[in-house]
Amino acid sequence: MSSYTIQDVSRRSGLSEPTLRYYEEVGLIGPVGRDERSGHRRYAEEDLDLLQALACLRTVGMSIEDMRTYQSNRARGRAAAAEQRDLLLRHAARVEEEIAAQQARLGYLREKAALWDARERGDGAAEATATQRSLEAAKRLEVLR
């Protein structure tokens, strides 16, 4: 049976060593086996699979609590499939909201840049249009506050 050091697992999963230790501390993984002589963590192949999943969930911004729920559902298998799906869809909805918010911020920045571009060119008509569009974009930002 293969075992991996914390450095190996960090490289393979993309999770930092402190994050791996933290995930063990908060119960997302483990307890991780230890080398009898050195006491260093030794991860099993199954740990790698789990950590790959956690790394992906972390990358999409899932909270520790939701990762815990994910892990619990994963362990229950098919019996928890509907709960797992709902958990992931709720998070997908949050990501969609974040994307919409970022799009609103991006739109505002582009409209302001267009305003200043028109001002630099001395194009009064384009500046007036860009000013109006900037004000509309600013209103969309108000919803985010």
# chains A, B, ... in the order shown; residues from 1 in each chain; ligands from 1
>>> residues_around(residues="range 108-123 of chain A", least_positions_apart="4", cutoff="9 Å", atoms="only C-alpha atoms", output="list of chain:residue names")
A:Gln103, A:Ala104, A:Glu127, A:Ala128, A:Thr129, A:Ala130, A:Thr131, A:Arg133, A:Ser134, A:Leu135, A:Glu136, A:Ala137, A:Ala138, A:Arg140, A:Leu141
>>> residues_around(residues="range 85-102 of chain A", least_positions_apart="4", cutoff="9 Å", atoms="only C-alpha atoms", output="MDAnalysis selection string")
chainID A and resid 60:62 66 69:70 80:81 106:107 140:141 143:144
>>> atom_distance(atom1="CA of Tyr43 in chain A", atom2="CA of Asp8 in chain A")
9.0 Å
>>> atom_distance(atom1="CA of Cys56 in chain A", atom2="CA of Asp35 in chain A")
27.7 Å
>>> closest_atom_pairs(of="range 55-107 of chain A", to="range 13-33 of chain A", cutoff="12 Å", atoms="only C-alpha atoms", output="JSON lines")
{"residue": "A:Ala55", "atom": "CA", "partner": "A:Ser13", "partner_atom": "CA", "distance": 6.4}
{"residue": "A:Cys56", "atom": "CA", "partner": "A:Ser13", "partner_atom": "CA", "distance": 9.0}
{"residue": "A:Leu57", "atom": "CA", "partner": "A:Leu15", "partner_atom": "CA", "distance": 11.4}
{"residue": "A:Arg58", "atom": "CA", "partner": "A:Leu15", "partner_atom": "CA", "distance": 9.2}
{"residue": "A:Thr59", "atom": "CA", "partner": "A:Gly14", "partner_atom": "CA", "distance": 9.9}
{"residue": "A:Ser63", "atom": "CA", "partner": "A:Leu28", "partner_atom": "CA", "distance": 11.5}
{"residue": "A:Ile64", "atom": "CA", "partner": "A:Leu28", "partner_atom": "CA", "distance": 8.1}
{"residue": "A:Glu65", "atom": "CA", "partner": "A:Leu28", "partner_atom": "CA", "distance": 9.3}
{"residue": "A:Asp66", "atom": "CA", "partner": "A:Leu28", "partner_atom": "CA", "distance": 10.5}
{"residue": "A:Met67", "atom": "CA", "partner": "A:Leu28", "partner_atom": "CA", "distance": 7.5}
{"residue": "A:Arg68", "atom": "CA", "partner": "A:Leu28", "partner_atom": "CA", "distance": 6.1}
{"residue": "A:Thr69", "atom": "CA", "partner": "A:Leu28", "partner_atom": "CA", "distance": 9.6}
{"residue": "A:Tyr70", "atom": "CA", "partner": "A:Leu28", "partner_atom": "CA", "distance": 9.8}
{"residue": "A:Gln71", "atom": "CA", "partner": "A:Leu28", "partner_atom": "CA", "distance": 7.3}
{"residue": "A:Ser72", "atom": "CA", "partner": "A:Leu28", "partner_atom": "CA", "distance": 9.5}
{"residue": "A:Arg74", "atom": "CA", "partner": "A:Leu28", "partner_atom": "CA", "distance": 11.9}
{"residue": "A:Ala75", "atom": "CA", "partner": "A:Leu28", "partner_atom": "CA", "distance": 12.0}
>>> select_by_dssp(residues="chain A", states="strand (DSSP E)", output="list of chain:residue names")
A:Ser3, A:Tyr4, A:Gly33, A:Arg34, A:Arg41, A:Arg42, A:Tyr43, A:Ala44
>>> write_last_selection(atoms="all heavy atoms", output="mmCIF file, in the first residue's frame")
data_model
loop_
_atom_site.group_PDB
_atom_site.id
_atom_site.type_symbol
_atom_site.label_atom_id
_atom_site.label_comp_id
_atom_site.auth_asym_id
_atom_site.auth_seq_id
_atom_site.Cartn_x
_atom_site.Cartn_y
_atom_site.Cartn_z
ATOM 1 N N SER A 3 2.003 5.124 0.552
ATOM 2 C CA SER A 3 1.727 6.215 1.483
ATOM 3 C C SER A 3 2.494 7.437 1.008
ATOM 4 O O SER A 3 3.507 7.325 0.316
ATOM 5 C CB SER A 3 2.092 5.835 2.912
ATOM 6 O OG SER A 3 3.486 5.697 3.061
ATOM 7 N N TYR A 4 1.993 8.596 1.389
ATOM 8 C CA TYR A 4 2.521 9.857 0.883
ATOM 9 C C TYR A 4 2.807 10.814 2.034
ATOM 10 O O TYR A 4 2.048 10.871 2.997
ATOM 11 C CB TYR A 4 1.515 10.503 -0.075
ATOM 12 C CG TYR A 4 1.128 9.593 -1.217
ATOM 13 C CD1 TYR A 4 0.036 8.740 -1.106
ATOM 14 C CD2 TYR A 4 1.862 9.581 -2.391
ATOM 15 C CE1 TYR A 4 -0.312 7.893 -2.145
ATOM 16 C CE2 TYR A 4 1.521 8.741 -3.434
ATOM 17 C CZ TYR A 4 0.427 7.900 -3.308
ATOM 18 O OH TYR A 4 0.092 7.066 -4.338
ATOM 19 N N GLY A 33 -2.784 8.825 9.203
ATOM 20 C CA GLY A 33 -1.813 7.909 9.799
ATOM 21 C C GLY A 33 -0.471 8.586 10.031
ATOM 22 O O GLY A 33 -0.171 9.627 9.439
ATOM 23 N N ARG A 34 0.311 7.991 10.906
ATOM 24 C CA ARG A 34 1.622 8.535 11.241
ATOM 25 C C ARG A 34 2.697 7.488 11.027
ATOM 26 O O ARG A 34 2.471 6.297 11.233
ATOM 27 C CB ARG A 34 1.677 8.986 12.711
ATOM 28 C CG ARG A 34 0.663 10.037 13.102
ATOM 29 C CD ARG A 34 1.004 11.363 12.499
ATOM 30 N NE ARG A 34 0.015 12.369 12.850
ATOM 31 C CZ ARG A 34 0.303 13.617 13.084
ATOM 32 N NH1 ARG A 34 1.550 14.044 12.996
ATOM 33 N NH2 ARG A 34 -0.643 14.471 13.376
ATOM 34 N N ARG A 41 3.101 12.707 9.313
ATOM 35 C CA ARG A 41 1.880 12.251 8.656
ATOM 36 C C ARG A 41 2.227 11.411 7.430
ATOM 37 O O ARG A 41 3.123 11.752 6.668
ATOM 38 C CB ARG A 41 1.043 13.456 8.218
ATOM 39 C CG ARG A 41 0.372 14.168 9.347
ATOM 40 C CD ARG A 41 -0.263 15.481 8.841
ATOM 41 N NE ARG A 41 -0.992 16.144 9.899
ATOM 42 C CZ ARG A 41 -0.418 16.912 10.832
ATOM 43 N NH1 ARG A 41 0.879 17.141 10.803
ATOM 44 N NH2 ARG A 41 -1.152 17.471 11.775
ATOM 45 N N ARG A 42 1.444 10.351 7.237
ATOM 46 C CA ARG A 42 1.567 9.498 6.056
ATOM 47 C C ARG A 42 0.156 9.295 5.508
ATOM 48 O O ARG A 42 -0.683 8.681 6.161
ATOM 49 C CB ARG A 42 2.206 8.149 6.405
ATOM 50 C CG ARG A 42 3.614 8.256 6.954
ATOM 51 C CD ARG A 42 4.584 8.916 6.025
ATOM 52 N NE ARG A 42 4.855 8.057 4.872
ATOM 53 C CZ ARG A 42 5.705 8.359 3.922
ATOM 54 N NH1 ARG A 42 6.360 9.495 3.946
ATOM 55 N NH2 ARG A 42 5.895 7.538 2.944
ATOM 56 N N TYR A 43 -0.081 9.864 4.348
ATOM 57 C CA TYR A 43 -1.400 9.823 3.729
ATOM 58 C C TYR A 43 -1.550 8.587 2.859
ATOM 59 O O TYR A 43 -0.614 8.187 2.164
ATOM 60 C CB TYR A 43 -1.619 11.074 2.870
ATOM 61 C CG TYR A 43 -1.671 12.340 3.681
ATOM 62 C CD1 TYR A 43 -0.505 12.993 4.054
ATOM 63 C CD2 TYR A 43 -2.888 12.884 4.067
ATOM 64 C CE1 TYR A 43 -0.547 14.159 4.798
ATOM 65 C CE2 TYR A 43 -2.939 14.056 4.812
ATOM 66 C CZ TYR A 43 -1.767 14.680 5.176
ATOM 67 O OH TYR A 43 -1.819 15.838 5.910
ATOM 68 N N ALA A 44 -2.733 7.994 2.884
ATOM 69 C CA ALA A 44 -3.047 6.822 2.063
ATOM 70 C C ALA A 44 -3.660 7.287 0.741
ATOM 71 O O ALA A 44 -4.041 8.449 0.578
ATOM 72 C CB ALA A 44 -4.033 5.927 2.807
#
>>> select_by_dssp(residues="range 38-134 of chain A", states="alpha helix (DSSP H)", output="number ranges by chain")
A: 45-59, 64-76, 81-121, 124-134
